[in-house]
Amino acid sequence: MLLSKTFVTIYHLLLLTVTCVRAAAVEKVRPVEEVVAIEKRGQCQATLNTALSVAHTLQNHYYNTGNGQYNGGSLWTDANTLEDLHNLMLATGTDDFSTVADNSYIGRMANNPSTNWNSVINGSNDDAQWIILALWKIADYKAARGLSNTNYINSGIAIYNIIVGQWDGTCGGGVWWSSAHTYKNAITNELFLLTSASGYLRFKQQAFLNNANLVASWLLNSGMRNSAGLWNDGLDSNTCGNNGQTTWTYNQGVIASGLAALAAATGNKSYLDQAEITLDATISHLTSNNILKESCDDAAAGGPVCDADQQIFKGIWTKHLQYYLDNANDASRTAKYSPFLGSQTSAVFHYGTDANNDIGSVWYAPNQGGSVFTPKTSASGLEAHVAAAKYGPC
Ligand SMILES: *[C@@H]1O[C@H](CO)[C@@H](O)[C@H](O)[C@H]1NC(C)=O
Ligand SMILES: *[C@@H]1O[C@H](CO)[C@@H](O)[C@H](O)[C@H]1NC(C)=O
């Protein structure tokens with residue numbers, strides 16, 4: 001019994017050594033003091049006003065101040081919605097939603113020193129990182145208004161370090177989609193690139209940059225980007241090859257914002273060209289009449305309807321195009337995507353919005369084209385308006 005246990009332990013140690021040799025490891029990071037962010041303001045006041053009006057409707061129709069969650073929402077989409085409100089306030093220079101962060105479920109967790117983030121994120125390594133993005137965007141807003149943001153920054157860092165522990169050598173690297181360790185996919189690793197590179201831009205710790213370089217190199221060699229330039233959902237768990245699953249719009253946006261953050265951190269503009277392969281492929285392949293169309297958006301009666309997660313994907317693409325342009329900080333790259341952002345905000349306004357100022361899931365067809373209406377679909381439309389307010393034509 002004892003002998004075989006010892007044998008097993010030695011065997012595991014050997015396995016561990018082999019794994020460490022095969023794949024470089026990612027590193028944990030330290031808590032930090034307050035950091036001040038500088039945010040470029042929006043340029044188009046008319047679109048900002050539309051965005052503000054949509055955001056007020058969203059809060060009135062769906063936000064529950066009792067539990068700090070959105071009725072009909074979910075943890076990861078609520079995180080995106082909170083991020084959106086702060087992205088909007090930074091773009092407008094206004095404070096309409098200044099009390100939402102501390103009232104929100106996520107803010108309550110951030111402000112409570114005994115929060116166990118492992119139990120909040122419950123093994124979802126993608127959901128966890130949407131929460132990091134929300135926490136750090138709230139931190140940017142609070143810094144811009146001279147408010148304390150340490151709890152938000154360091155809660156994000158605590159979650160980030162959990163994700164670091166989810167990287168291993170299976171398929172040559174990458175973090176697992178969930179703590180069940182059954183799937184390595186695009187979104188979780190695109191998010192890890194973005195949280196690492198934008199973590200470096202905010203906090204200037206070398207470990208963030210080392211991690212960002214590692215995950216970018218792993219992603220770009222993973223085979224998850226197909227010959228059309230679009231990212232499929234993930235890797236086949238038997239072969240580690242591209243599994244050919246759906247090219248969701250959000251995957252095509254988050255890779256771009258991650259690569260732009262890395263370009264800003266390293267000065268390597270080639271990452272921007274890599275990102276634009278995918279941004280351009282999105283515009284060519286995931287649109288109808290130049291308007292984003294998710295594969296589950298179907299205006300025809302009886303066609304597929306996007307599920308609770310998918311309803312927010314298109315807006316996330318526009319938000320991450322905004323973040324891409326924030327970090328690319330390049331007038332000619334902005335000019336290239338500006339008309340497309342203008343088309344999206346116009347479609348959301350003229351096609352996607354109903355008489356109650358709610359925004360539906362379908363943007364490309366008149367009269368909301370058979371949309372479902374949820375807090376996710378309104379947040380998605382809000383994201384399109386804010387991105388266009390910053391970078392679209394006016
Ligand atoms: C946590 O994850 C487990 C396993 O996926 C699931 O069964 C459970 O419902 C989750 N709990 C919450 C609160 O989401
Ligand atoms: C710049 O980025 C490209 C990816 O687009 C990468 O292959 C190359 O190694 C990077 N250069 C440096 C000096 O890191």
# chains A, B, ... in the order shown; residues from 1 in each chain; ligands from 1
$ closest_atom_pairs --of "chain A" --to "ligand 2" --cutoff "6 Å" --atoms "only C-alpha atoms and all ligand atoms" --output "CSV"
residue,atom,partner,partner_atom_place_in_ligand_line,distance
A:Asn268,CA,ligand 2,1 (C),5.0
A:Ser270,CA,ligand 2,5 (O),4.3
A:Tyr271,CA,ligand 2,5 (O),4.2
A:Gln274,CA,ligand 2,5 (O),5.6
$ select_by_dssp --residues "stretch 149-293 of chain A" --states "helix (DSSP H, G or I)" --output "PyMOL selection string"
chain A and resi 150-164+170-172+186-203+206-220+249-266+270-285
$ residues_around --residues "A:Gln368" --least-positions-apart "3" --cutoff "7 Å" --atoms "only C-alpha atoms" --output "MDAnalysis selection string"
chainID A and resid 351:353 360 362:363 365 371
$ closest_atom_pairs --of "chain A" --to "ligand 1" --cutoff "8 Å" --atoms "only C-alpha atoms and all ligand atoms" --output "CSV"
residue,atom,partner,partner_atom_place_in_ligand_line,distance
A:Val120,CA,ligand 1,13 (C),7.6
A:Asn122,CA,ligand 1,1 (C),4.9
A:Gly123,CA,ligand 1,2 (O),6.6
A:Ser124,CA,ligand 1,2 (O),8.0
$ write_last_selection --atoms "N, CA and C atoms" --output "short mmCIF file (atom, residue, chain, number, x, y, z; two decimals), in the first residue's frame"
data_model
loop_
_atom_site.label_atom_id
_atom_site.label_comp_id
_atom_site.auth_asym_id
_atom_site.auth_seq_id
_atom_site.Cartn_x
_atom_site.Cartn_y
_atom_site.Cartn_z
N VAL A 120 -17.90 32.48 -6.15
CA VAL A 120 -18.72 33.34 -7.01
C VAL A 120 -18.61 32.89 -8.48
N ASN A 122 -17.50 30.02 -9.61
CA ASN A 122 -18.00 28.64 -9.69
C ASN A 122 -17.40 27.87 -10.87
N GLY A 123 -16.11 28.05 -11.07
CA GLY A 123 -15.44 27.23 -12.08
C GLY A 123 -15.58 27.70 -13.51
N SER A 124 -16.25 28.85 -13.74
CA SER A 124 -16.42 29.34 -15.12
C SER A 124 -15.33 30.35 -15.44
#
$ atom_distance --atom1 "atom CA of A:Leu279" --atom2 "atom CA of A:Leu321"
8.1 Å
$ select_by_dssp --residues "stretch 106-339 of chain A" --states "strand (DSSP E or B)" --output "CSV table (one decimal) with N, CA and C atoms, in the first residue's frame"
chain,number,residue,atom,x,y,z
A,124,SER,N,-16.3,28.8,-13.7
A,124,SER,CA,-16.4,29.3,-15.1
A,124,SER,C,-15.3,30.3,-15.4
A,167,TRP,N,-4.2,27.5,-16.3
A,167,TRP,CA,-3.4,27.3,-17.5
A,167,TRP,C,-2.6,26.0,-17.3
A,175,VAL,N,-5.7,28.4,-21.1
A,175,VAL,CA,-6.5,28.1,-19.9
A,175,VAL,C,-7.7,27.4,-20.3
A,178,SER,N,-13.5,25.7,-18.2
A,178,SER,CA,-14.0,25.6,-16.9
A,178,SER,C,-13.1,24.8,-16.0
A,185,ASN,N,-11.0,26.6,-25.2
A,185,ASN,CA,-11.8,27.4,-26.3
A,185,ASN,C,-11.2,28.7,-26.5
A,225,ARG,N,-8.2,30.0,-35.5
A,225,ARG,CA,-8.6,30.9,-36.5
A,225,ARG,C,-8.6,30.2,-37.8
A,231,TRP,N,-12.5,33.1,-36.0
A,231,TRP,CA,-12.2,32.2,-34.9
A,231,TRP,C,-13.4,31.3,-34.6
A,234,GLY,N,-13.6,26.6,-30.5
A,234,GLY,CA,-12.5,26.0,-29.7
A,234,GLY,C,-11.8,24.8,-30.3
A,235,LEU,N,-11.1,24.1,-29.4
A,235,LEU,CA,-10.3,23.0,-29.8
A,235,LEU,C,-11.0,21.6,-29.6
A,242,ASN,N,-8.6,22.6,-34.5
A,242,ASN,CA,-9.9,23.4,-34.5
A,242,ASN,C,-11.1,22.5,-34.6
A,287,THR,N,-22.4,39.3,-41.6
A,287,THR,CA,-23.3,40.5,-41.7
A,287,THR,C,-24.4,40.1,-42.8
A,288,SER,N,-25.5,40.9,-42.7
A,288,SER,CA,-26.4,40.9,-43.8
A,288,SER,C,-26.6,42.4,-44.2
A,291,ILE,N,-24.9,44.8,-41.9
A,291,ILE,CA,-25.3,44.8,-40.5
A,291,ILE,C,-25.0,43.5,-39.8
A,292,LEU,N,-24.4,43.5,-38.6
A,292,LEU,CA,-24.0,42.3,-38.0
A,292,LEU,C,-25.2,41.4,-37.8
